[in-house]
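Taking it in order: structure first as structure tokens, then the write-up.
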2 protein chains.
Amino acid sequence: MYNEDLSWKGLRRTDPDRPRPLADAVLRLIWQKKRISRAEIAGLAGLSRSTVSEIVGEILPMGIVAEVGEGPSRGGRRPIVLEFQDDACVILGVEMGATHVVVALTDLRGRVLMWISRDHDVRTDPVGTRALIEELCAICLAAPAAGDRPLVGIGVAVASPVDPSHPDRASTVVLPAWEGRLGLDVVARKFGVPLMVDNDANLGALAEHWWGAGQGVDDLAFIKLAMGIGSGHVIAGEIYRGATGVAGEIGHLSIDSQGKPCLCGLRGCLVTLVGAPALVERAAELAPSFPDSPLAGRIITIVELENAALAGDPLALQVAQEAAAHLGRAVAGLLNIMNPSMVIIGGMLARLGDLLLVPLRETIVSRTLVSSVAAAEIRAGGLGDLGIAVGASTMVLKAALADSRLFPRVDAGANGVATS
Amino acid sequence: MYNEDLSWKGLRRTDPDRPRPLADAVLRLIWQKKRISRAEIAGLAGLSRSTVSEIVGEILPMGIVAEVGEGPSRGGRRPIVLEFQDDACVILGVEMGATHVVVALTDLRGRVLMWISRDHDVRTDPVGTRALIEELCAICLAAPAAGDRPLVGIGVAVASPVDPSHPDRASTVVLPAWEGRLGLDVVARKFGVPLMVDNDANLGALAEHWWGAGQGVDDLAFIKLAMGIGSGHVIAGEIYRGATGVAGEIGHLSIDSQGKPCLCGLRGCLVTLVGAPALVERAAELAPSFPDSPLAGRIITIVELENAALAGDPLALQVAQEAAAHLGRAVAGLLNIMNPSMVIIGGMLARLGDLLLVPLRETIVSRTLVSSVAAAEIRAGGLGDLGIAVGASTMVLKAALADSRLFPRVDAGANGVATS
DNA sequence: TGGCCTTTGTACGGTGGCCGATCAAAGTAT
DNA sequence: ATACTTTGATCGGCCACCGTACAAAGGCCA
């Protein structure tokens, strides 16, 4: 007759172990505003100046916020400017793709200090991949750009669904050789920091939300176009994972019941129409009609196809337009079901920009009933190839800003000392 | 470079106007457990017994919780049992369909005390509809079942998207005659209580989550099969509305690019295949192949079709199976995108039960890649025709349990007096 | 049956987070 | 130079909640 679940939200007032519940909120505000005075914090956070003074007094010794002189007067005493020290700590973001590993070292504002990409057959070699991640992380941390600054944590993006309640569990479907377990805790122990895992498309969405095209938009979808097609969702500012962490398998939306069979058993899945292999194949099919194209009559790669489209080759353009039309049908479905404010196209094909987006928008607008759905913005991602790795780092940053105990203590004198 | 939005969650500790932030949480716990002692509350809520005593002392005078004798001893003093008074107040739930209005009077546990359904052309007659709602509400409140108990509020379900930030705004697409506004505030003023509005499928999902097939499941989708097809979503226990309140237009998922054109401009929309008119039409198409069917050779209604299927008529069964197959493709897409733990089929066609569900499940299992997605439960709704109206009432109950100030004061002596 | 322990609910003093009032410092407006 | 503003620190106070202590009322066991 009624819901037996005990965990009605907000039953516990706050975590009793956590001193000063509002301190983290103030820290976030400082992070957001970057430079801000105590009085401004009081105004924006709805706290009294006395409370803010007290809280700031506790935050300063942590070393991630510093007083940096005085600001302009607004008719009275000049305020002391508090500045968030973006370079007080570093974060590692790891992208585990199907055939490559990217490690990016960022500061506390998502800026990439250095990065390394290495081809590796991740899918079949778990042991080697773990060692490679450890090696690349160590290289990043030893680099001058890291400058001895303490590490907050390591974020890892995997190209496989991640169950939020069992983050170390790996999908045996996507990564059979990994035997159901990522085993990244050894990496965490090696560096003595927390390690967090999530799906790559989710983290792409997060990165675009924090630093890219989706800033200020609280409900967005991110579609990663590559070999496979995945989508990640940010709802109300949070990553949405669904009940079992596999939300976003947009690649297997069935677009055309008469289409080609897909590995998943459906016919006409989006991935069979818009995945990279499908596009290459389609180009080969169309080649006889475009004898003048430099692509005609030979085996091509997806990168060549993209370059040709950017160069204006009619064959490549036709392939892109067809892909956009197929994708548009799926995105229309996505819009109808999820109703995000924005859809961001990421991954390799995002390079095509308007070549893909213009026909995509046309398809969507002409195929969506409710006008406010069709009004959703469709954009290309703004973060390039490092977007996923930066998203992984952002996940750690977000966690630390939600619970400042995750920030390592920085000795007070070291404010931005090691950057130079 | 960073998110300019100020409203980072949890910045304000609590609403300062609201005394005792935990009092509402305790009240919810009492509601949930129905009968519970102070000591149990302390244990479950993580509060001290002294605090609970104090809070309960404040709740008791409200009249919605009463001490009802002592419970069994567990080795010591016998506990005083607190009981939530489900019949202390009543709530009105209104379903505004396309061609009918349902008003249900419920207690504080979703039980229907009385209900009235009236056919009315809602779409074209806003003034008459408002008057009708007022009339039916007044009848319910004057009935013996209401017993003079105070009204908490009125919930209204409308068969149109509802923008959460402008709840009184009506879609001019679905309800053109209403000129963009519902104008239900007059009803609220008439009865002097708060009035809340949401989409019908959303409220169906809510009702199933609280009282029906979806109890204990925090992520579920509700699909309303009727003239149109709508879906509502509960995510993490809350109704999900999307960025502009139009999440769930599953009816216009494109299933078949070679299908019939739809009003929305797409081809092969789900509603053109599984909507009630489409099913009737399909039955007529198939009739020549089933000359023995009692349905053959004449114009039939959807209800007749349903009844025939339940009676085992091969023609009707074929129509149902085809519908299930089409619906299965859409639900597979929904599962891939949203990954709910459960999908609940409601609306008229839910009457068919396993006739629809069995082929539906088959389609889904054979057409979904990730096994945990396919493991989502597919069920028929458990609340029948009043589900939507009960959901509307539940919306009000939920709001009152989240902010107990919405409960009217009940004079202490009147505990369940008027029920007889 | 009496003693001892447990459980429940209440009373009371204490604590910690936050606020308002106050004040000094340092600026602007006239 | 005077009056007013703004900022930040300090101090006392309030309130929600906690822990302790205690009384009432039960069970367990000799």
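Here's how to read the names in the structure tokens: chain A, B, ... by the order shown, residue numbers from 1 in each chain, ligand numbers from 1 in the order shown.
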As a PyMOL selection string, please: the residues near Arg169 (chain A) (cut-off 9 Å, only C-alpha atoms (C1' of nucleotides), same-chain neighbours under 6 positions excluded). chain A and resi 162-163+180-183
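With only C-alpha atoms (C1' of nucleotides) taken into account, the protein and nucleic acid residues at most 12 Å from DA24 (chain C) (excluding it and anything under 3 positions from it in its own chain) are Arg77 of chain A; DT7, DG8, DA9 and DT10 of chain D.
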Taking the chain letters and numbering used in this document, name the residues of region 142-384 of chain A that DSSP puts in helix (DSSP H, G or I), as a PyMOL selection string. chain A and resi 142+176-178+185-191+200-211+250-252+270-274+276-289+302-311+314-338+348-352+354-365+371-374+384
Sorted by chain and rising residue number, which residues of chain D lie within 8 Å of chain B, and what are their closest atom pairs and distances in Å to one decimal, counting only C-alpha atoms (C1' of nucleotides), as JSON lines?
{"residue": "D:DA16", "atom": "C1'", "partner": "B:Arg20", "partner_atom": "CA", "distance": 7.2}
{"residue": "D:DC17", "atom": "C1'", "partner": "B:Thr51", "partner_atom": "CA", "distance": 6.4}
{"residue": "D:DC18", "atom": "C1'", "partner": "B:Ser48", "partner_atom": "CA", "distance": 6.7}
{"residue": "D:DA24", "atom": "C1'", "partner": "B:Arg77", "partner_atom": "CA", "distance": 7.4}
{"residue": "D:DA25", "atom": "C1'", "partner": "B:Arg77", "partner_atom": "CA", "distance": 4.5}
{"residue": "D:DG26", "atom": "C1'", "partner": "B:Gly76", "partner_atom": "CA", "distance": 4.3}
{"residue": "D:DG27", "atom": "C1'", "partner": "B:Gly75", "partner_atom": "CA", "distance": 4.9}
Just-selected residues, C-alpha atoms (C1' of nucleotides) written as a PDB file, in the first residue's frame:
ATOM      1  C1'  DA D  16      18.162  22.774  17.034  1.00  0.00           C
ATOM      2  C1'  DC D  17      19.957  18.927  18.438  1.00  0.00           C
ATOM      3  C1'  DC D  18      22.600  15.846  21.584  1.00  0.00           C
ATOM      4  C1'  DA D  24       7.970   4.563  34.611  1.00  0.00           C
ATOM      5  C1'  DA D  25       7.018   0.165  33.162  1.00  0.00           C
ATOM      6  C1'  DG D  26       8.015  -3.964  31.425  1.00  0.00           C
ATOM      7  C1'  DG D  27      10.793  -8.879  31.141  1.00  0.00           C
TER       8       DG D  27
END
Within 9 Å of chain B, which residues belong to chain C? Use only C-alpha atoms (C1' of nucleotides) and report them as a PDB file with N, CA, C and O atoms (P, O5', C5', C4', C3', O3' and C1' of nucleotides), in the first residue's frame.
ATOM      1  P    DC C   5      22.130  -5.404  37.026  1.00  0.00           P
ATOM      2  O5'  DC C   5      21.573  -5.405  35.536  1.00  0.00           O
ATOM      3  C5'  DC C   5      21.358  -6.649  34.862  1.00  0.00           C
ATOM      4  C4'  DC C   5      20.327  -6.457  33.784  1.00  0.00           C
ATOM      5  C3'  DC C   5      20.572  -5.232  32.896  1.00  0.00           C
ATOM      6  O3'  DC C   5      20.716  -5.621  31.539  1.00  0.00           O
ATOM      7  C1'  DC C   5      18.296  -5.361  33.596  1.00  0.00           C
ATOM      8  P    DT C   6      21.031  -4.492  30.452  1.00  0.00           P
ATOM      9  O5'  DT C   6      19.610  -4.324  29.767  1.00  0.00           O
ATOM     10  C5'  DT C   6      18.872  -5.482  29.375  1.00  0.00           C
ATOM     11  C4'  DT C   6      17.560  -5.047  28.732  1.00  0.00           C
ATOM     12  C3'  DT C   6      17.711  -3.869  27.768  1.00  0.00           C
ATOM     13  O3'  DT C   6      17.028  -4.164  26.562  1.00  0.00           O
ATOM     14  C1'  DT C   6      16.063  -3.372  29.424  1.00  0.00           C
ATOM     15  P    DT C   7      17.265  -3.232  25.281  1.00  0.00           P
ATOM     16  O5'  DT C   7      15.936  -2.372  25.277  1.00  0.00           O
ATOM     17  C5'  DT C   7      14.677  -3.017  25.262  1.00  0.00           C
ATOM     18  C4'  DT C   7      13.571  -2.012  25.529  1.00  0.00           C
ATOM     19  C3'  DT C   7      13.670  -0.723  24.702  1.00  0.00           C
ATOM     20  O3'  DT C   7      12.502  -0.594  23.922  1.00  0.00           O
ATOM     21  C1'  DT C   7      13.250  -0.247  27.000  1.00  0.00           C
ATOM     22  P    DT C   8      12.399   0.565  22.877  1.00  0.00           P
ATOM     23  O5'  DT C   8      11.552   1.670  23.663  1.00  0.00           O
ATOM     24  C5'  DT C   8      10.269   1.334  24.164  1.00  0.00           C
ATOM     25  C4'  DT C   8       9.748   2.482  25.009  1.00  0.00           C
ATOM     26  C3'  DT C   8       9.786   3.846  24.323  1.00  0.00           C
ATOM     27  O3'  DT C   8       8.462   4.331  24.197  1.00  0.00           O
ATOM     28  C1'  DT C   8      10.640   3.970  26.561  1.00  0.00           C
ATOM     29  P    DG C   9       8.175   5.562  23.227  1.00  0.00           P
ATOM     30  O5'  DG C   9       8.226   6.783  24.236  1.00  0.00           O
ATOM     31  C5'  DG C   9       7.304   6.820  25.323  1.00  0.00           C
ATOM     32  C4'  DG C   9       7.721   7.874  26.319  1.00  0.00           C
ATOM     33  C3'  DG C   9       7.969   9.272  25.734  1.00  0.00           C
ATOM     34  O3'  DG C   9       7.176  10.215  26.429  1.00  0.00           O
ATOM     35  C1'  DG C   9       9.745   8.632  27.151  1.00  0.00           C
ATOM     36  P    DT C  10       7.188  11.722  25.975  1.00  0.00           P
ATOM     37  O5'  DT C  10       7.998  12.407  27.164  1.00  0.00           O
ATOM     38  C5'  DT C  10       7.594  12.152  28.507  1.00  0.00           C
ATOM     39  C4'  DT C  10       8.562  12.821  29.470  1.00  0.00           C
ATOM     40  C3'  DT C  10       8.867  14.293  29.176  1.00  0.00           C
ATOM     41  O3'  DT C  10       8.719  15.016  30.387  1.00  0.00           O
ATOM     42  C1'  DT C  10      10.881  13.074  29.430  1.00  0.00           C
TER      43       DT C  10
END
Excluding Ala309 (chain A) and any residue of its chain fewer than 3 positions from it, enumerate the residues within 10 Å of it, using only C-alpha atoms (C1' of nucleotides), and give them as a PyMOL selection string. chain A and resi 303-306+312-320+352+355-356
Enter the distance from CA of Leu27 (chain B) to CA of Gly237 (chain A), in Å, rounded to one decimal. 29.5 Å
Residues near Ala157 (chain B), cut-off 7 Å, only C-alpha atoms (C1' of nucleotides), skip fewer than 2 positions along chain, as a list in words: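 In the requested format, the answer is Val94, Glu95, Met96, Gly155, Ala159, Val197, Asp198, Asn199, Asp200, Leu203, Ile388, Ala389 and Ala392 of chain B.
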Give me the residues of region 113-219 of chain B that have any atom at most 12 Å from an atom of region 402-410 of chain B; for each, the nearest atom pair and the distance in Å, rounded to one decimal. Use only C-alpha atoms, sort by chain and number, and format it as a tab-separated table.
residue	atom	partner	partner_atom	distance
B:Asp148	CA	B:Val410	CA	11.0
B:Arg149	CA	B:Val410	CA	8.3
B:Pro150	CA	B:Pro408	CA	6.7
B:Leu151	CA	B:Pro408	CA	7.4
B:Val152	CA	B:Phe407	CA	5.8
B:Gly153	CA	B:Leu406	CA	8.3
B:Ile154	CA	B:Leu406	CA	11.8
B:Gly192	CA	B:Pro408	CA	11.1
B:Val193	CA	B:Leu406	CA	9.0
B:Pro194	CA	B:Leu406	CA	8.3
B:Leu195	CA	B:Leu406	CA	11.3
Restricting the calculation to only C-alpha atoms: of B:Arg241, B:Arg130, B:Arg118, B:Lys224, which residue gets closest to chain A?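 Selected residue with least distance to chain A: B:Arg241.
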With only C-alpha atoms (C1' of nucleotides) as the counted atoms, please give the residues lying no more than 12 Å from Asp107 (chain A), apart from itself and same-chain residues fewer than 5 positions off, as a PyMOL selection string. chain A and resi 64+84-93+112-114+141+145-147+149-153+390+393-394+396-397+416+419
Expected file: the selected residues, N, CA, C and O atoms, as a short mmCIF file (atom, residue, chain, number, x, y, z; two decimals), in the first residue's frame:
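again_21.cif written:
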data_model
loop_
_atom_site.label_atom_id
_atom_site.label_comp_id
_atom_site.auth_asym_id
_atom_site.auth_seq_id
_atom_site.Cartn_x
_atom_site.Cartn_y
_atom_site.Cartn_z
N ILE A 64 43.85 26.20 -0.62
CA ILE A 64 43.31 26.29 -1.97
C ILE A 64 42.60 27.61 -2.21
O ILE A 64 42.13 27.88 -3.30
N PHE A 84 40.38 31.75 -5.55
CA PHE A 84 40.56 30.30 -5.58
C PHE A 84 41.86 30.00 -6.29
O PHE A 84 42.12 30.53 -7.38
N GLN A 85 42.66 29.13 -5.68
CA GLN A 85 43.98 28.82 -6.25
C GLN A 85 43.86 27.64 -7.19
O GLN A 85 44.05 26.49 -6.79
N ASP A 86 43.58 27.95 -8.46
CA ASP A 86 43.36 26.87 -9.43
C ASP A 86 44.56 25.93 -9.53
O ASP A 86 44.41 24.76 -9.87
N ASP A 87 45.71 26.46 -9.24
CA ASP A 87 46.90 25.63 -9.43
C ASP A 87 47.44 25.08 -8.12
O ASP A 87 48.60 24.69 -8.04
N ALA A 88 46.58 25.04 -7.12
CA ALA A 88 47.05 24.51 -5.84
C ALA A 88 47.22 23.00 -5.89
O ALA A 88 48.08 22.43 -5.23
N CYS A 89 46.37 22.34 -6.68
CA CYS A 89 46.45 20.89 -6.79
C CYS A 89 46.31 20.51 -8.26
O CYS A 89 45.97 21.34 -9.11
N VAL A 90 46.53 19.25 -8.55
CA VAL A 90 46.31 18.75 -9.91
C VAL A 90 45.38 17.54 -9.84
O VAL A 90 45.18 16.93 -8.78
N ILE A 91 44.79 17.23 -10.98
CA ILE A 91 43.90 16.07 -11.09
C ILE A 91 44.28 15.30 -12.35
O ILE A 91 44.64 15.91 -13.36
N LEU A 92 44.19 13.99 -12.29
CA LEU A 92 44.46 13.17 -13.47
C LEU A 92 43.14 12.68 -14.06
O LEU A 92 42.29 12.15 -13.33
N GLY A 93 42.98 12.85 -15.37
CA GLY A 93 41.81 12.31 -16.06
C GLY A 93 42.28 11.30 -17.09
O GLY A 93 43.18 11.57 -17.88
N VAL A 112 44.11 21.84 -19.17
CA VAL A 112 45.01 20.71 -19.37
C VAL A 112 46.45 21.21 -19.26
O VAL A 112 46.88 22.05 -20.03
N LEU A 113 47.17 20.69 -18.28
CA LEU A 113 48.56 21.10 -18.09
C LEU A 113 49.48 20.28 -18.98
O LEU A 113 50.46 20.78 -19.50
N MET A 114 49.15 19.02 -19.13
CA MET A 114 49.86 18.18 -20.11
C MET A 114 49.03 16.95 -20.37
O MET A 114 48.13 16.62 -19.58
N LEU A 141 52.68 13.11 -13.68
CA LEU A 141 52.94 13.69 -12.36
C LEU A 141 54.40 14.11 -12.21
O LEU A 141 54.71 15.04 -11.46
N ALA A 145 55.25 20.38 -15.63
CA ALA A 145 53.95 21.04 -15.55
C ALA A 145 53.23 20.70 -14.25
O ALA A 145 52.44 21.50 -13.73
N ALA A 146 53.49 19.54 -13.70
CA ALA A 146 52.83 19.15 -12.46
C ALA A 146 53.44 19.89 -11.28
O ALA A 146 52.73 20.24 -10.32
N GLY A 147 54.71 20.12 -11.36
CA GLY A 147 55.37 20.96 -10.36
C GLY A 147 55.15 20.55 -8.92
O GLY A 147 54.89 21.39 -8.07
N ARG A 149 52.88 19.56 -7.25
CA ARG A 149 51.64 19.90 -6.56
C ARG A 149 50.88 18.63 -6.21
O ARG A 149 50.94 17.65 -6.96
N PRO A 150 50.18 18.63 -5.10
CA PRO A 150 49.53 17.39 -4.68
C PRO A 150 48.41 16.99 -5.63
O PRO A 150 47.76 17.84 -6.26
N LEU A 151 48.16 15.70 -5.70
CA LEU A 151 47.14 15.13 -6.59
C LEU A 151 45.85 14.94 -5.80
O LEU A 151 45.85 14.38 -4.71
N VAL A 152 44.74 15.43 -6.37
CA VAL A 152 43.45 15.28 -5.69
C VAL A 152 42.92 13.86 -5.88
O VAL A 152 42.47 13.22 -4.93
N GLY A 153 42.94 13.39 -7.11
CA GLY A 153 42.40 12.07 -7.39
C GLY A 153 42.53 11.75 -8.86
O GLY A 153 43.04 12.57 -9.65
N VAL A 390 39.20 15.13 -19.94
CA VAL A 390 38.92 16.29 -19.08
C VAL A 390 37.67 16.04 -18.26
O VAL A 390 37.60 16.39 -17.08
N SER A 393 38.56 14.03 -15.29
CA SER A 393 39.16 14.88 -14.26
C SER A 393 38.08 15.74 -13.59
O SER A 393 38.11 15.96 -12.38
N THR A 394 37.13 16.20 -14.38
CA THR A 394 36.06 17.04 -13.83
C THR A 394 35.24 16.28 -12.80
O THR A 394 34.80 16.85 -11.80
N VAL A 396 36.28 14.20 -10.70
CA VAL A 396 36.99 14.26 -9.43
C VAL A 396 36.87 15.65 -8.82
O VAL A 396 36.61 15.80 -7.62
N LEU A 397 37.02 16.66 -9.67
CA LEU A 397 36.90 18.04 -9.17
C LEU A 397 35.53 18.26 -8.55
O LEU A 397 35.39 18.84 -7.46
N GLY A 416 50.64 28.59 -5.59
CA GLY A 416 51.01 28.72 -7.00
C GLY A 416 52.49 28.85 -7.23
O GLY A 416 52.93 29.38 -8.23
N THR A 419 54.41 26.77 -10.53
CA THR A 419 53.95 26.80 -11.92
C THR A 419 55.02 27.35 -12.86
O THR A 419 55.46 26.70 -13.79
#
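In this comparison, which uses only C-alpha atoms (C1' of nucleotides), the residue of D:DA1, D:DG13, D:DC28, D:DT6 approaching DA21 (chain C) most closely is D:DG13.
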Strand (DSSP E) positions in region 356-416 of chain A, given as a count of residues only: 4
Calculated over only C-alpha atoms (C1' of nucleotides), which of the candidates C:DC4, C:DG16, C:DT22, C:DG27 has the smallest distance to DC14 (chain D)?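 For DC14 (chain D), the nearest of the candidates is C:DG16.
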Could you tell me which of A:His166, A:Arg361, A:Lys33, A:Arg189 comes closest to chain B if we count only C-alpha atoms?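 Of all the options, A:Lys33 lies closest to chain B.
Residue nearest chain B within the list A:Gln32, A:Thr363, A:Thr99, A:Ser165: A:Gln32 [criterion: smallest interatomic distance, only C-alpha atoms].
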